[in-house]
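Source file: model_34.txt. Holds: compact mmCIF, C-alpha atoms and all ligand atoms.
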# COMPACT_ATOMS: atom_id res chain seq x y z
CA MET A 1 -22.02 9.64 1.87
CA ILE A 2 -19.17 11.49 0.23
CA TYR A 3 -15.81 9.73 0.45
CA LEU A 4 -12.56 11.57 -0.15
CA VAL A 5 -9.96 8.96 -1.12
CA THR A 6 -6.35 10.15 -1.24
CA GLY A 7 -3.82 8.27 -3.38
CA GLY A 8 -6.59 6.52 -5.32
CA ALA A 9 -4.46 6.24 -8.47
CA GLY A 10 -1.85 4.10 -6.68
CA PHE A 11 -1.80 0.36 -6.06
CA ILE A 12 -4.04 -0.10 -3.00
CA GLY A 13 -6.13 3.06 -3.49
CA ALA A 14 -6.99 2.05 -7.06
CA ASN A 15 -7.87 -1.50 -6.01
CA PHE A 16 -10.08 -0.01 -3.30
CA LEU A 17 -11.90 2.28 -5.73
CA ASN A 18 -12.24 -0.39 -8.43
CA TYR A 19 -13.78 -2.69 -5.82
CA ILE A 20 -16.09 -0.24 -4.07
CA VAL A 21 -17.25 2.40 -6.61
CA PRO A 22 -19.39 -0.01 -8.73
CA LYS A 23 -20.93 -1.55 -5.58
CA GLN A 24 -21.81 1.70 -3.74
CA LYS A 25 -23.77 3.54 -6.42
CA ASP A 26 -25.50 5.90 -3.95
CA ASP A 27 -22.21 7.12 -2.50
CA ILE A 28 -19.80 9.59 -4.10
CA PHE A 29 -16.06 8.96 -4.29
CA ILE A 30 -13.55 11.75 -4.90
CA ASN A 31 -10.08 10.50 -5.77
CA ILE A 32 -7.30 13.00 -5.08
CA ASP A 33 -3.84 12.11 -6.28
CA ASN A 34 -0.89 14.09 -7.63
CA LEU A 35 -0.15 11.30 -10.16
CA GLY A 36 3.40 10.80 -8.93
CA TYR A 37 5.55 8.01 -10.41
CA SER A 38 3.44 5.23 -8.78
CA GLY A 39 0.03 6.81 -9.45
CA ASN A 40 -1.55 6.36 -12.85
CA LEU A 41 -5.04 7.02 -14.18
CA LEU A 42 -4.76 3.75 -16.12
CA ASN A 43 -5.29 2.06 -12.74
CA VAL A 44 -8.78 3.56 -12.41
CA GLU A 45 -9.84 3.61 -16.06
CA ASN A 46 -12.51 0.95 -15.37
CA ILE A 47 -14.42 3.35 -13.11
CA GLU A 48 -13.70 6.72 -14.72
CA SER A 49 -17.09 6.88 -16.44
CA HIS A 50 -19.06 6.05 -13.27
CA GLU A 51 -21.25 8.98 -12.22
CA ASN A 52 -20.38 8.56 -8.54
CA TYR A 53 -16.62 8.85 -9.20
CA HIS A 54 -14.58 12.06 -9.61
CA PHE A 55 -10.85 12.71 -9.90
CA ARG A 56 -8.92 15.81 -8.79
CA ASN A 57 -5.19 16.19 -9.41
CA VAL A 58 -4.04 17.63 -6.07
CA ASP A 59 -0.85 17.25 -4.06
CA ILE A 60 -1.58 16.67 -0.37
CA GLN A 61 1.35 18.97 0.43
CA ASP A 62 -0.74 21.78 -1.06
CA TYR A 63 -3.05 22.97 1.74
CA ASN A 64 -4.93 25.46 -0.44
CA GLY A 65 -5.46 22.94 -3.21
CA LEU A 66 -6.88 20.50 -0.67
CA LYS A 67 -9.04 23.25 0.84
CA GLN A 68 -10.67 23.84 -2.54
CA VAL A 69 -11.61 20.16 -2.74
CA PHE A 70 -13.03 20.24 0.81
CA SER A 71 -15.05 23.39 -0.04
CA GLU A 72 -16.36 21.80 -3.23
CA TRP A 73 -17.38 18.44 -1.75
CA ASN A 74 -17.50 18.70 2.04
CA PRO A 75 -16.62 15.00 2.43
CA ASP A 76 -18.02 12.81 5.22
CA VAL A 77 -15.25 10.23 5.22
CA ILE A 78 -11.58 10.57 4.35
CA ILE A 79 -9.68 7.40 3.46
CA HIS A 80 -6.05 8.38 3.44
CA PHE A 81 -3.90 6.13 1.22
CA ALA A 82 -1.64 8.76 -0.37
CA ALA A 83 1.99 8.30 0.59
CA GLU A 84 5.48 7.75 -0.63
CA SER A 85 5.50 3.99 -0.14
CA HIS A 86 8.81 2.42 -1.21
CA VAL A 87 11.42 1.72 1.49
CA ASP A 88 14.39 1.77 -0.93
CA ARG A 89 13.39 5.20 -2.25
CA SER A 90 13.14 6.47 1.34
CA ILE A 91 16.75 5.41 1.89
CA LEU A 92 17.96 7.31 -1.17
CA SER A 93 15.74 10.41 -0.89
CA PRO A 94 14.01 10.68 2.50
CA LEU A 95 12.82 14.30 2.18
CA HIS A 96 9.89 13.42 -0.13
CA PHE A 97 8.70 10.99 2.53
CA MET A 98 8.72 13.60 5.26
CA LYS A 99 6.85 16.09 3.08
CA THR A 100 4.14 13.80 1.75
CA ASN A 101 3.72 11.34 4.60
CA ILE A 102 3.99 13.75 7.53
CA LEU A 103 3.14 17.22 6.22
CA GLY A 104 0.53 15.86 3.78
CA THR A 105 -1.23 13.95 6.57
CA PHE A 106 -1.06 17.02 8.80
CA ASN A 107 -2.73 19.15 6.08
CA LEU A 108 -5.58 16.67 5.76
CA LEU A 109 -6.06 16.48 9.53
CA GLU A 110 -6.13 20.27 9.85
CA LEU A 111 -8.73 20.57 7.09
CA ALA A 112 -10.87 17.82 8.59
CA ARG A 113 -10.69 19.51 12.00
CA ASN A 114 -11.78 22.85 10.52
CA PHE A 115 -14.44 21.56 8.15
CA TRP A 116 -16.01 19.02 10.52
CA LYS A 117 -16.64 21.29 13.53
CA ASP A 118 -20.41 20.92 13.14
CA LYS A 119 -20.58 17.61 11.30
CA GLU A 120 -22.14 14.74 13.21
CA HIS A 121 -21.14 11.72 11.14
CA CYS A 122 -17.64 11.90 9.80
CA LEU A 123 -14.49 9.80 9.92
CA PHE A 124 -10.79 10.07 9.05
CA HIS A 125 -9.41 6.62 8.26
CA HIS A 126 -5.63 6.47 8.10
CA VAL A 127 -4.07 3.63 6.08
CA SER A 128 -0.77 2.64 7.64
CA THR A 129 1.76 -0.15 7.74
CA ASP A 130 3.07 -2.87 10.06
CA GLU A 131 6.58 -1.49 9.43
CA VAL A 132 5.98 1.08 12.20
CA TYR A 133 6.56 -1.75 14.70
CA GLY A 134 10.08 -2.49 13.46
CA SER A 135 11.49 -5.97 13.02
CA LEU A 136 10.58 -9.32 14.64
CA LYS A 137 12.95 -12.20 15.34
CA GLU A 138 11.93 -15.81 14.44
CA SER A 139 8.90 -15.86 16.76
CA GLY A 140 6.14 -13.52 17.95
CA TYR A 141 3.63 -11.25 16.22
CA PHE A 142 2.82 -7.56 16.02
CA THR A 143 -0.32 -6.66 17.99
CA GLU A 144 -2.01 -3.26 18.31
CA THR A 145 -0.07 -2.70 21.56
CA THR A 146 3.39 -3.52 20.19
CA PRO A 147 5.58 -0.43 20.79
CA TYR A 148 6.49 1.59 17.71
CA HIS A 149 10.08 1.00 16.55
CA PRO A 150 10.39 2.18 12.94
CA ASN A 151 13.74 1.45 11.27
CA SER A 152 13.61 3.13 7.84
CA PRO A 153 12.88 6.73 6.84
CA TYR A 154 9.67 5.37 5.23
CA SER A 155 8.45 3.62 8.37
CA ALA A 156 9.52 6.54 10.57
CA SER A 157 7.47 8.91 8.41
CA LYS A 158 4.45 6.57 8.57
CA ALA A 159 4.87 6.23 12.35
CA SER A 160 4.90 10.04 12.60
CA SER A 161 1.69 10.25 10.61
CA ASP A 162 0.05 7.59 12.82
CA HIS A 163 0.99 9.63 15.88
CA LEU A 164 -0.46 12.80 14.36
CA VAL A 165 -3.75 11.03 13.60
CA ARG A 166 -3.94 9.66 17.15
CA ALA A 167 -3.10 13.09 18.58
CA TYR A 168 -5.97 14.72 16.65
CA PHE A 169 -8.35 12.18 18.17
CA HIS A 170 -7.18 12.80 21.72
CA THR A 171 -6.71 16.55 21.47
CA TYR A 172 -9.52 17.66 19.14
CA ASP A 173 -11.94 14.69 19.32
CA LEU A 174 -11.50 14.23 15.57
CA PRO A 175 -13.17 10.88 14.74
CA VAL A 176 -10.36 8.68 13.45
CA THR A 177 -9.50 5.04 12.85
CA ILE A 178 -6.14 3.56 11.85
CA SER A 179 -5.16 0.30 10.15
CA ASN A 180 -1.62 -1.12 10.13
CA CYS A 181 -1.36 -3.69 7.37
CA SER A 182 1.25 -6.19 6.23
CA ASN A 183 2.67 -6.53 2.69
CA ASN A 184 0.02 -6.39 -0.05
CA TYR A 185 0.20 -7.98 -3.49
CA GLY A 186 -2.14 -8.05 -6.47
CA PRO A 187 -3.03 -6.07 -9.62
CA TYR A 188 -1.67 -2.57 -10.32
CA GLN A 189 1.33 -2.80 -7.96
CA PHE A 190 4.15 -0.64 -9.27
CA PRO A 191 6.98 -2.86 -10.59
CA GLU A 192 9.58 -1.51 -8.15
CA LYS A 193 8.15 -3.81 -5.41
CA LEU A 194 9.35 -7.40 -5.02
CA ILE A 195 6.39 -9.32 -6.49
CA PRO A 196 5.61 -7.28 -9.64
CA MET A 197 9.32 -6.75 -10.28
CA THR A 198 9.97 -10.50 -10.07
CA LEU A 199 7.08 -11.25 -12.42
CA SER A 200 8.17 -8.64 -14.91
CA ASN A 201 11.83 -9.74 -14.83
CA PHE A 202 10.93 -13.44 -15.16
CA LEU A 203 8.95 -12.60 -18.28
CA ASN A 204 11.68 -10.40 -19.74
CA GLY A 205 14.61 -12.70 -18.93
CA LYS A 206 16.17 -10.15 -16.56
CA PRO A 207 17.95 -10.85 -13.22
CA ILE A 208 15.80 -11.09 -10.07
CA PRO A 209 17.75 -9.03 -7.48
CA ILE A 210 17.49 -10.69 -4.06
CA TYR A 211 18.75 -8.60 -1.16
CA GLY A 212 21.14 -10.33 1.26
CA ASN A 213 20.45 -14.06 1.58
CA GLY A 214 16.75 -13.92 0.69
CA GLN A 215 15.71 -15.22 4.13
CA ASN A 216 13.86 -12.06 5.28
CA ILE A 217 10.22 -12.78 6.01
CA ARG A 218 7.07 -10.84 5.09
CA ASP A 219 3.41 -11.62 5.81
CA TRP A 220 1.57 -11.35 2.46
CA LEU A 221 -2.05 -10.24 2.02
CA TYR A 222 -4.02 -10.11 -1.24
CA VAL A 223 -4.87 -6.44 -1.85
CA GLU A 224 -8.65 -6.91 -2.11
CA ASP A 225 -8.66 -8.49 1.38
CA HIS A 226 -6.97 -5.32 2.66
CA CYS A 227 -9.62 -3.19 0.91
CA GLN A 228 -12.41 -5.22 2.53
CA ALA A 229 -10.76 -4.81 5.94
CA ILE A 230 -10.73 -1.02 5.48
CA TRP A 231 -14.41 -1.03 4.50
CA HIS A 232 -15.24 -3.10 7.61
CA ILE A 233 -13.36 -0.66 9.84
CA ILE A 234 -14.96 2.44 8.35
CA HIS A 235 -18.45 1.05 8.82
CA ASN A 236 -18.24 -1.01 11.99
CA SER A 237 -15.50 0.35 14.23
CA GLU A 238 -15.70 2.63 17.24
CA VAL A 239 -13.75 5.84 16.68
CA GLY A 240 -10.21 6.06 18.06
CA GLU A 241 -9.51 2.37 17.36
CA THR A 242 -6.54 0.91 15.55
CA TYR A 243 -6.41 -2.49 13.80
CA ASN A 244 -3.64 -4.75 12.58
CA VAL A 245 -4.47 -6.37 9.25
CA GLY A 246 -2.52 -9.34 7.89
CA GLY A 247 -2.85 -12.51 5.85
CA ASN A 248 -1.09 -15.02 8.10
CA ASN A 249 1.02 -15.90 5.06
CA GLU A 250 4.62 -15.71 6.19
CA LEU A 251 7.15 -16.43 3.47
CA THR A 252 10.86 -15.77 3.02
CA ASN A 253 11.65 -13.66 -0.03
CA LEU A 254 13.12 -16.70 -1.76
CA GLU A 255 9.92 -18.65 -1.08
CA VAL A 256 7.89 -15.80 -2.60
CA VAL A 257 10.01 -15.89 -5.75
CA ARG A 258 9.55 -19.68 -5.97
CA VAL A 259 5.75 -19.38 -5.59
CA ILE A 260 5.75 -16.82 -8.42
CA ALA A 261 7.93 -19.07 -10.61
CA ASP A 262 5.64 -22.09 -10.01
CA ASN A 263 2.51 -20.10 -10.83
CA LEU A 264 4.03 -18.54 -13.92
CA SER A 265 5.25 -21.89 -15.11
CA ALA A 266 1.69 -23.31 -14.82
CA PHE A 267 0.53 -20.62 -17.29
CA THR A 268 3.51 -20.48 -19.67
CA GLY A 269 4.66 -24.11 -19.65
CA VAL A 270 8.26 -22.97 -19.08
CA ASP A 271 9.93 -25.10 -16.39
CA SER A 272 10.06 -23.12 -13.13
CA SER A 273 13.74 -24.08 -12.65
CA ARG A 274 14.48 -22.02 -15.78
CA TYR A 275 12.91 -18.96 -14.14
CA LEU A 276 14.80 -19.57 -10.89
CA GLU A 277 18.13 -19.40 -12.74
CA GLN A 278 17.43 -15.65 -13.02
CA ILE A 279 17.84 -15.15 -9.24
CA THR A 280 20.81 -12.88 -8.50
CA TYR A 281 21.94 -12.09 -4.97
CA VAL A 282 22.77 -8.42 -4.45
CA LYS A 283 23.92 -6.20 -1.61
CA ASP A 284 21.38 -6.02 1.20
CA ARG A 285 19.04 -3.11 1.87
CA PRO A 286 20.57 -0.96 4.66
CA GLY A 287 18.72 -1.58 7.94
CA HIS A 288 16.70 -4.39 6.30
CA ASP A 289 13.98 -5.52 8.75
CA PHE A 290 14.21 -9.31 9.22
CA ARG A 291 10.60 -10.33 9.78
CA TYR A 292 7.07 -8.89 9.85
CA ALA A 293 4.10 -10.95 11.10
CA ILE A 294 0.67 -9.69 12.07
CA ASP A 295 -1.67 -10.88 14.78
CA ALA A 296 -5.03 -9.90 13.24
CA SER A 297 -7.19 -11.28 16.07
CA LYS A 298 -8.67 -7.88 16.95
CA ILE A 299 -10.20 -7.13 13.53
CA LYS A 300 -11.27 -10.77 13.16
CA ASN A 301 -12.94 -10.99 16.57
CA THR A 302 -14.45 -7.52 16.86
CA LEU A 303 -15.38 -6.73 13.25
CA GLY A 304 -15.73 -10.21 11.74
CA TRP A 305 -13.20 -9.62 8.95
CA SER A 306 -11.03 -12.42 7.63
CA PRO A 307 -9.06 -12.74 4.39
CA GLU A 308 -10.70 -14.62 1.52
CA GLU A 309 -7.54 -15.44 -0.42
CA THR A 310 -4.73 -17.84 0.46
CA ILE A 311 -1.26 -17.23 -0.95
CA GLU A 312 -2.00 -19.95 -3.55
CA SER A 313 -5.29 -18.44 -4.75
CA GLY A 314 -4.08 -14.83 -4.48
CA MET A 315 -0.83 -15.49 -6.34
CA LYS A 316 -2.63 -17.38 -9.11
CA LYS A 317 -4.93 -14.35 -9.65
CA THR A 318 -1.98 -11.97 -9.49
CA VAL A 319 0.17 -13.85 -11.99
CA LYS A 320 -2.77 -14.13 -14.38
CA TRP A 321 -3.46 -10.40 -14.06
CA TYR A 322 0.15 -9.45 -14.88
CA LEU A 323 0.24 -11.91 -17.80
CA ASP A 324 -2.97 -10.39 -19.18
CA HIS A 325 -1.70 -6.83 -18.61
CA GLN A 326 1.90 -6.88 -19.82
CA ASP A 327 1.19 -3.63 -21.68
CA TRP A 328 0.34 -2.03 -18.31
CA ILE A 329 3.85 -2.75 -17.00
CA GLU A 330 5.33 -1.18 -20.13
CA LYS A 331 3.12 1.89 -19.89
CA VAL A 332 3.85 2.62 -16.21
CA SER A 333 7.57 1.90 -16.56
CA SER A 334 8.38 5.42 -17.65
CA GLY A 335 11.72 7.22 -17.87
CA ASP A 336 11.54 7.80 -14.11
CA TYR A 337 11.32 4.06 -13.54
CA GLN A 338 14.33 3.29 -15.72
CA GLY A 339 16.30 5.99 -13.86
CA TRP A 340 15.27 4.47 -10.53
CA ILE A 341 16.40 0.96 -11.48
CA LYS A 342 19.80 2.34 -12.43
CA LEU A 343 20.12 4.33 -9.20
CA ASN A 344 18.96 1.59 -6.82
CA TYR A 345 20.71 -1.41 -8.30
CA SER A 346 23.90 -0.04 -9.88
CA ASN A 347 26.02 0.08 -6.73
CA ARG A 348 24.93 -3.30 -5.33
CA GLU A 349 27.67 -5.81 -6.03
CA VAL A 350 26.31 -8.94 -7.68
CA GLY A 351 27.00 -12.41 -6.35
CA ASN A 352 25.60 -15.91 -6.18
CA ARG A 353 24.98 -18.08 -3.14
P1 LIG B 1 1.65 3.49 -4.09
O1 LIG B 1 2.98 4.12 -4.08
O2 LIG B 1 1.33 2.45 -5.10
O3 LIG B 1 0.51 4.61 -4.23
C1 LIG B 1 0.60 5.85 -3.56
C2 LIG B 1 -0.31 6.83 -4.26
O4 LIG B 1 -0.24 8.08 -3.56
C3 LIG B 1 0.08 7.10 -5.72
O5 LIG B 1 -1.05 7.14 -6.54
C4 LIG B 1 0.74 8.47 -5.65
O6 LIG B 1 0.61 9.22 -6.87
C5 LIG B 1 -0.04 9.12 -4.51
N1 LIG B 1 0.72 10.19 -3.88
C6 LIG B 1 2.01 10.14 -3.45
N2 LIG B 1 2.37 11.34 -2.96
C7 LIG B 1 1.29 12.15 -3.08
C8 LIG B 1 1.05 13.51 -2.76
N3 LIG B 1 2.01 14.29 -2.23
N4 LIG B 1 -0.17 14.03 -3.03
C9 LIG B 1 -1.14 13.27 -3.58
N5 LIG B 1 -0.98 11.98 -3.91
C10 LIG B 1 0.23 11.43 -3.67
O7 LIG B 1 1.44 2.94 -2.62
P2 LIG B 1 0.48 1.78 -2.08
O8 LIG B 1 1.26 0.54 -1.98
O9 LIG B 1 -0.79 1.81 -2.82
O10 LIG B 1 0.24 2.30 -0.59
C11 LIG B 1 -0.92 3.06 -0.24
C12 LIG B 1 -0.93 3.28 1.26
O11 LIG B 1 -0.97 2.03 1.93
C13 LIG B 1 0.32 4.00 1.78
O12 LIG B 1 -0.09 4.89 2.78
C14 LIG B 1 1.17 2.88 2.37
O13 LIG B 1 1.97 3.36 3.42
C15 LIG B 1 0.09 1.93 2.88
N6 LIG B 1 0.46 0.51 2.95
C16 LIG B 1 0.99 -0.13 1.85
C17 LIG B 1 1.25 -1.49 1.94
C18 LIG B 1 1.80 -2.25 0.76
O14 LIG B 1 2.17 -3.42 0.90
N7 LIG B 1 1.85 -1.69 -0.44
C19 LIG B 1 1.01 -2.18 3.13
C20 LIG B 1 0.50 -1.48 4.24
C21 LIG B 1 0.22 -0.14 4.13
O1 LIG B 2 4.89 -4.32 5.39
C1 LIG B 2 4.15 -3.37 4.66
C2 LIG B 2 5.05 -2.66 3.69
O2 LIG B 2 5.33 -3.57 2.63
C3 LIG B 2 4.44 -1.38 3.12
O3 LIG B 2 4.27 -0.46 4.17
C4 LIG B 2 5.34 -0.77 2.04
O4 LIG B 2 4.69 0.36 1.46
C5 LIG B 2 5.56 -1.82 0.97
O5 LIG B 2 6.45 -1.32 -0.01
C6 LIG B 2 6.14 -3.10 1.59
O6 LIG B 2 7.48 -2.87 2.05
P1 LIG B 2 8.67 -3.93 1.81
O7 LIG B 2 9.96 -3.24 1.92
O8 LIG B 2 8.47 -5.14 2.66
O9 LIG B 2 8.34 -4.34 0.28
P2 LIG B 2 9.31 -4.60 -0.97
O10 LIG B 2 8.47 -5.19 -2.05
O11 LIG B 2 10.14 -3.42 -1.29
O12 LIG B 2 10.29 -5.74 -0.43
C7 LIG B 2 9.79 -6.99 0.03
C8 LIG B 2 10.99 -7.81 0.48
O13 LIG B 2 11.77 -8.14 -0.69
C9 LIG B 2 11.92 -7.07 1.42
O14 LIG B 2 12.43 -7.99 2.38
C10 LIG B 2 13.05 -6.58 0.52
C11 LIG B 2 13.12 -7.64 -0.55
N1 LIG B 2 13.53 -7.16 -1.89
C12 LIG B 2 12.89 -6.09 -2.44
C13 LIG B 2 13.25 -5.60 -3.67
C14 LIG B 2 12.55 -4.39 -4.27
C15 LIG B 2 14.54 -7.81 -2.59
O15 LIG B 2 15.12 -8.81 -2.10
N2 LIG B 2 14.90 -7.33 -3.81
C16 LIG B 2 14.31 -6.24 -4.39
O16 LIG B 2 14.72 -5.82 -5.50
Would you kindly transcribe this structure into structure tokens?
Ligand code: NAD
Ligand code: DAU
Amino acid sequence: MIYLVTGGAGFIGANFLNYIVPKQKDDIFINIDNLGYSGNLLNVENIESHENYHFRNVDIQDYNGLKQVFSEWNPDVIIHFAAESHVDRSILSPLHFMKTNILGTFNLLELARNFWKDKEHCLFHHVSTDEVYGSLKESGYFTETTPYHPNSPYSASKASSDHLVRAYFHTYDLPVTISNCSNNYGPYQFPEKLIPMTLSNFLNGKPIPIYGNGQNIRDWLYVEDHCQAIWHIIHNSEVGETYNVGGNNELTNLEVVRVIADNLSAFTGVDSSRYLEQITYVKDRPGHDFRYAIDASKIKNTLGWSPEETIESGMKKTVKWYLDHQDWIEKVSSGDYQGWIKLNYSNREVGNR
């Protein structure tokens, strides 16, 4: 089989490739990525010498560039990770999100439709997010039939791409599957996101910016569990199906920061209360969704997937990885990153609660 993996130099795509390429030696994996600010070839350096792995620097907004890759490899399966993925960036510059997440997905669907006219076994798997469902109150869960209610430019662009994928299945019989996953954490996550940013700032004695009162809730899943869920879907699902994927690990943002502090303290010997003094409350994210929580019964019952890591085991691995790879954080924190931190955090008034 030939797998075309988009966004394979980013956090989840790289974890997917690092996990699967060494195991599936008879399959070929083509990673296409435009190496934007969150994509880095350092994230896939462990597999770059594998004979079944190839990288092409292509922007998914570039139809002709993508067409060349399709002509060269004629892939059987597309696993579509590439996206602009950070909610705060979508609030400050939404256009990139529309171009990559909507137009980029459209380009890939069009090429698949044209190239797969006579192909018998092929699949387009679209990697999406639980944020398309909007925000939950204290109770209840997102299921696959929860109506879409995206609240940020990021989630609206992902919802649009989900709808396009579904439309290509219904209109053109394109074989597709979709997964909507909760918040991932683990190695190679770009340090703009809550967990790697907290870890990095704890280690460097910098403030930990907590939006609002820190009581917003996310359902955390260790990234390799997400990768295994995607592999299960690709190989065992009927076409046209969609699956919610989540870890059943609901935590407030303040609880997440405390779990990180406790784990870090176990490695460094620094009292966790010292780390927690770095918490700084800042102005809330506009339109901040209160709670996400996934009901993953469908993928568990029909495909037999379940997460292997708990928040305790997953966070221990994650903290150890970042401690062992502090040079990675430095290398990926380029000029663009420093500019972003200034832009996102400079006009949030600072306070303490
Ligand atoms: P990321 O930002 O770490 O990685 C995205 C990758 O896509 C990067 O390598 C980037 O260079 C690449 N990319 C961006 N625009 C591109 C373009 N125009 N052409 C080619 N490549 C491009 O994001 P991530 O967290 O790894 O997310 C991957 C996918 O998973 C996204 O579709 C996201 O919506 C989805 N998702 C993420 C989470 C999460 O918690 N991180 C949860 C559920 C779903
Ligand atoms: O739910 C899945 C989604 O999870 C994915 O689709 C997105 O790609 C991914 O980025 C993530 O979105 P979130 O907005 O939930 O993740 P983020 O790490 O940005 O924020 C997690 C929570 O922490 C959220 O409630 C906002 C809060 N936060 C975040 C940052 C960056 C802070 O309090 N301070 C911060 O500086």
- Query: In Å, with one decimal, what is the gap from atom C11 of ligand LIG 2 (chain B) to atom CA of Gly214 of chain A?
  - Reply: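 Atom C11 of ligand LIG 2 (chain B) sits 7.4 Å away from atom CA of Gly214 of chain A.
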Give me, as a Markdown table, the closest atom pair and its distance (Å, one decimal) for every residue of chain A within a cut-off of 6 Å of ligand LIG 1 (chain B), counting only C-alpha atoms and all ligand atoms, rows sorted by chain and rising number.
| residue | atom | partner | partner_atom | distance |
| --- | --- | --- | --- | --- |
| A:Gly7 | CA | B:LIG1 | O4 | 3.6 |
| A:Gly8 | CA | B:LIG1 | O5 | 5.7 |
| A:Ala9 | CA | B:LIG1 | O5 | 4.0 |
| A:Gly10 | CA | B:LIG1 | O5 | 3.1 |
| A:Phe11 | CA | B:LIG1 | O9 | 3.7 |
| A:Ile12 | CA | B:LIG1 | O9 | 3.8 |
| A:Gly13 | CA | B:LIG1 | O9 | 5.5 |
| A:Asp33 | CA | B:LIG1 | N5 | 3.7 |
| A:Asn34 | CA | B:LIG1 | C9 | 4.1 |
| A:Leu35 | CA | B:LIG1 | O6 | 4.0 |
| A:Gly36 | CA | B:LIG1 | O6 | 3.8 |
| A:Ser38 | CA | B:LIG1 | O1 | 4.9 |
| A:Gly39 | CA | B:LIG1 | O5 | 3.1 |
| A:Val58 | CA | B:LIG1 | C9 | 5.8 |
| A:Asp59 | CA | B:LIG1 | N4 | 3.4 |
| A:Ile60 | CA | B:LIG1 | N4 | 4.0 |
| A:Gln61 | CA | B:LIG1 | N3 | 5.4 |
| A:Phe81 | CA | B:LIG1 | C12 | 4.1 |
| A:Ala82 | CA | B:LIG1 | O4 | 3.5 |
| A:Ala83 | CA | B:LIG1 | C6 | 4.4 |
| A:Glu84 | CA | B:LIG1 | C6 | 5.1 |
| A:Ser85 | CA | B:LIG1 | O1 | 4.7 |
| A:Thr100 | CA | B:LIG1 | N3 | 4.5 |
| A:Val127 | CA | B:LIG1 | O12 | 5.3 |
| A:Ser128 | CA | B:LIG1 | C21 | 4.6 |
| A:Thr129 | CA | B:LIG1 | C21 | 3.9 |
| A:Cys181 | CA | B:LIG1 | C20 | 4.3 |
| A:Ser182 | CA | B:LIG1 | C19 | 5.1 |
| A:Asn183 | CA | B:LIG1 | O14 | 3.6 |
| A:Asn184 | CA | B:LIG1 | O14 | 3.8 |
| A:Gln189 | CA | B:LIG1 | O2 | 6.0 |
| A:Phe190 | CA | B:LIG1 | O2 | 5.9 |
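Polymer residues near (20.4, -10.1, 4.9): counting only C-alpha atoms with a cut-off of 9 Å, they are Tyr211, Gly212, Asn213, Gly214, Gln215, Asn216, Lys283, Asp284, Arg285, His288, Asp289 and Phe290 of chain A.
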- Using all atoms listed in the file, find the one residue out of A:Asn52, A:Asn74, A:Ser139, A:Asn253 that sits nearest to ligand LIG 2 (chain B).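 Among A:Asn52, A:Asn74, A:Ser139, A:Asn253, it is A:Asn253 that comes nearest to ligand LIG 2 (chain B).
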- Message: Ranking A:His80, A:His163, A:His149, A:Arg89 by minimum distance to ligand LIG 2 (chain B) and counting all atoms listed in the file, which one comes first?
- Response: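 Using all atoms listed in the file, the shortest distance to ligand LIG 2 (chain B) belongs to A:Arg89.
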Which polymer residues, protein or nucleic acid, are no farther than 8 Å from (7.1, -10.3, -5.2), counting only C-alpha atoms, as an mmCIF file with C-alpha atoms, in the coordinates of the input?
data_model
loop_
_atom_site.group_PDB
_atom_site.id
_atom_site.type_symbol
_atom_site.label_atom_id
_atom_site.label_comp_id
_atom_site.auth_asym_id
_atom_site.auth_seq_id
_atom_site.Cartn_x
_atom_site.Cartn_y
_atom_site.Cartn_z
ATOM 1 C CA TYR A 185 0.200 -7.980 -3.490
ATOM 2 C CA LYS A 193 8.150 -3.810 -5.410
ATOM 3 C CA LEU A 194 9.350 -7.400 -5.020
ATOM 4 C CA ILE A 195 6.390 -9.320 -6.490
ATOM 5 C CA PRO A 196 5.610 -7.280 -9.640
ATOM 6 C CA MET A 197 9.320 -6.750 -10.280
ATOM 7 C CA THR A 198 9.970 -10.500 -10.070
ATOM 8 C CA LEU A 199 7.080 -11.250 -12.420
ATOM 9 C CA ASN A 253 11.650 -13.660 -0.030
ATOM 10 C CA VAL A 256 7.890 -15.800 -2.600
ATOM 11 C CA VAL A 257 10.010 -15.890 -5.750
ATOM 12 C CA ILE A 260 5.750 -16.820 -8.420
#
- Between A:Asp27, A:Asp324, A:Glu138, A:Asp162, smallest distance to Thr105 of chain A by only C-alpha atoms belongs to A:Asp162
